[in-house]
Amino acid sequence: MCGIVGYIGTKKACPILLAGLNRLEYRGYDSAGISTIEKKGLSLMKDKGRVKNLSNLDGINELEGTIGIAHTRWATHGVPSKENSHPHQDNSKTFSVVHNGIIENYNELRKFLTENGYTFYSQTDTEVIPNLIHYYFTKDEKNDKQKYLRAVKNACMDLKGSFAIEVISSLYTDNMIVVRKDSPLVIGTCEDEKYLSSDIPAILSYTRNFYLLNDFEFALLTRNNIEFFDKNLDKINKKVQNIEWNSSSAEKDGYDDFMLKEIYEQPKAIRETIGSRINLNSKCEFEELNLTKEYLQNLNKIYIVACGTAMHAGLSGKNTIEKLCRIPVEVDIASEFRYRNPILDEKTLCIFISQSGETADTIAALKLSKEQGSKTIAITNVIGSSITREADYSIYTHAGPEIAVASTKAYTSQVILINILAIYFAEVLEKKDKDILNKLKSDILDLPKKIEETLTCNNQIKNFAKQIYQEKDIFFLGRGIDETVSKEGSLKLKEISYIHSESYAAGELKHGPIALIENGITVISILTDKDLIKKTISNIQEVITRGAKTLVITNQKLDNDMFNVVINIPDTNQFVSPILSIIPLQLLAYYISKEKGLDVDKPRNLAKSVTVE
Ligand code: AGP
């Protein structure tokens, strides 16, 4: 939700900021803007539309300043327009601010500032911030070194909600101040340059050394130095962290779109996720965890909580944990979980899955679980992300940066990681026969090769996409583990092709939805659960009788003549079959979106990381 970039160094800031915005555009893309410190004061250029639009504004190439901030917006308060775009300035144009997050008490602050003579020109929550900074700055009678920092800090202490903020000022031409609370912000550091961003991939080509700010930590930056302060403005020390991702993982590398690249990266991503966690004939290793047999034995329940695709990965985790460990697992949508007063105590273990590690609802659900005495495990892809700072234990998928809004490799790496976690639990509990676990482990180790095989369905899927891209409604069916995949396939299709789609447990069909099946409608089914295949085939038969066109994804030999298209995928262990069966559906969503000429990586109304509720 919104991307922010900043630069303080020796080069012209503008081209660096625009390049950063281009890389961050997947976080929001309805308007963009930039402000730099120029000889004559603060520049301000912004407009609605994509970053490309901003890059074409008259005068932008004349900006000379070597310190600047920039923003790409996903609108929350106020329609996309020039006035509502960031950066925002105070009335005297002394401070420019970019902000990611939501200021919940902006109405009260706006009223307070209006009563104190300030005027507002936008409908945003953000515009209160530069004006509050100005308010505190002018009220402060001390003229010491910390006056600027104090004004920013005092303003931030009045804010309720979430924020990552960058501030520059025409009065402090060698400085920038940044601070965060519940919204992401990283600081990349080189000798005489500092790069700021909402996330690491946007500035990975400049540095691999990062400082990660915690809530209410302030950084006062100059070209050569960074000073960190806590909320009392006492100085604190922070350690620089070296990030292993390389910069090409944040580039398209010859692919038309990030989504296609990320689909094809899945063999590698899964290899990385497995890493050294799985060993045949010895127990799974999670050096991050120390859960004892006694603790696991005493659990009443495990909750898996997440949003969207990550929640779908959780559904496959439920299947494996329950079957291997016989512990009841409930999978919940984070935005529901946090408000439904869930029954939590020290006998419930809560697992939170989030690719970005920044999803507001998932983090709030985690905080709630901790408060109520449950142990918490975060599964995430982003090192140092907010969720890792809250959870008792954090385990990483190591899938590499995922840039496309539609999640692909993050999903499969989450599915594999939660399956390995289930094996780990089963081994600690000594619940399951070693041979069964060893068979699953060896099937997991074979997966990267099998994903490569599965990807060879590309052309078949591309052709099918050409046949159905103009349809208005598409149905997905599955039973058991296949139902979890049909949910994810349906979400992928909606997200990037804008085709309405529904996913149903195949057996539910005749309890209502079958009324929607009419001649020519497309029904896509996943058939990998050997115990349930016959049952699902009967349901498919029912839709064929009513005129449906059928696409079937299966790892079994079927009577192909029965269906319009059959996609054969390699057979694997039932627990991890989603990792293969989702691939044709990812490709289908991709090619339909391409056929329709849509922006695959940046679908309308969406943003990669949802840092607001
Ligand atoms: C996936 O394609 C979606 N863009 C979305 O559902 C996503 O999975 C969800 O917003 C959760 O994000 P997270 O994994 O970063 O928490």
# chains A, B, ... in the order shown; residues from 1 in each chain; ligands from 1

$ residues_near_ligand --ligand "ligand 1" --cutoff "6 Å" --atoms "only C-alpha atoms and all ligand atoms" --output "list in words"
Cys307, Gly308, Thr309, Ala310, Ser354, Gln355, Ser356, Gly357, Thr359, Val405, Ala406, Ser407, Lys492, Lys608, Ser609 and Val610 of chain A

$ residues_around --residues "Tyr172 of chain A" --least-positions-apart "3" --cutoff "12 Å" --atoms "only C-alpha atoms" --output "list in words"
Ile37, Glu38, Lys39, Gly41, Leu42, Ile67, Thr94, Phe95, Ser96, Lys145, Gln146, Lys147, Tyr148, Leu149, Val167, Ile168, Ser169, Asn175, Met176, Ile177, Leu220, Leu221 and Thr222 of chain A

$ select_by_dssp --residues "segment 459-523 of chain A" --states "helix (DSSP H, G or I)" --output "VMD selection string"
chain A and resid 459 to 468 481 to 497 506 to 511 513 to 516

$ closest_residue --among "A:Thr124, A:Gln460, A:Ser394, A:Thr545" --to "Glu518 of chain A" --atoms "only C-alpha atoms"
A:Thr545

$ closest_atom_pairs --of "segment 336-421 of chain A" --to "segment 185-199 of chain A" --cutoff "10 Å" --atoms "only C-alpha atoms" --output "CSV"
residue,atom,partner,partner_atom,distance
A:Ser356,CA,A:Asp199,CA,9.2
A:Val382,CA,A:Asp199,CA,8.9
A:Gly384,CA,A:Val186,CA,9.3
A:Ser385,CA,A:Asp199,CA,8.9
A:Ser386,CA,A:Leu185,CA,9.6
A:Pro401,CA,A:Asp199,CA,9.8

$ residues_around --residues "His77 of chain A" --least-positions-apart "2" --cutoff "9 Å" --atoms "only C-alpha atoms" --output "ChimeraX atom specification"
/A:75,79,84,102,123-126

$ select_by_dssp --residues "segment 254-407 of chain A" --states "strand (DSSP E)" --output "list of chain:residue names"
A:Lys301, A:Ile302, A:Tyr303, A:Ile304, A:Val305, A:Ala306, A:Val329, A:Glu330, A:Val331, A:Asp332, A:Ile333, A:Thr348, A:Leu349, A:Cys350, A:Ile351, A:Phe352, A:Ile353, A:Ser354, A:Lys375, A:Thr376, A:Ile377, A:Ala378, A:Ile379, A:Thr380, A:Tyr393, A:Ser394, A:Ile395, A:Tyr396

$ closest_residue --among "A:Ile8, A:Ile418, A:Ile278, A:Ile69" --to "Thr36 of chain A" --atoms "only C-alpha atoms"
A:Ile69
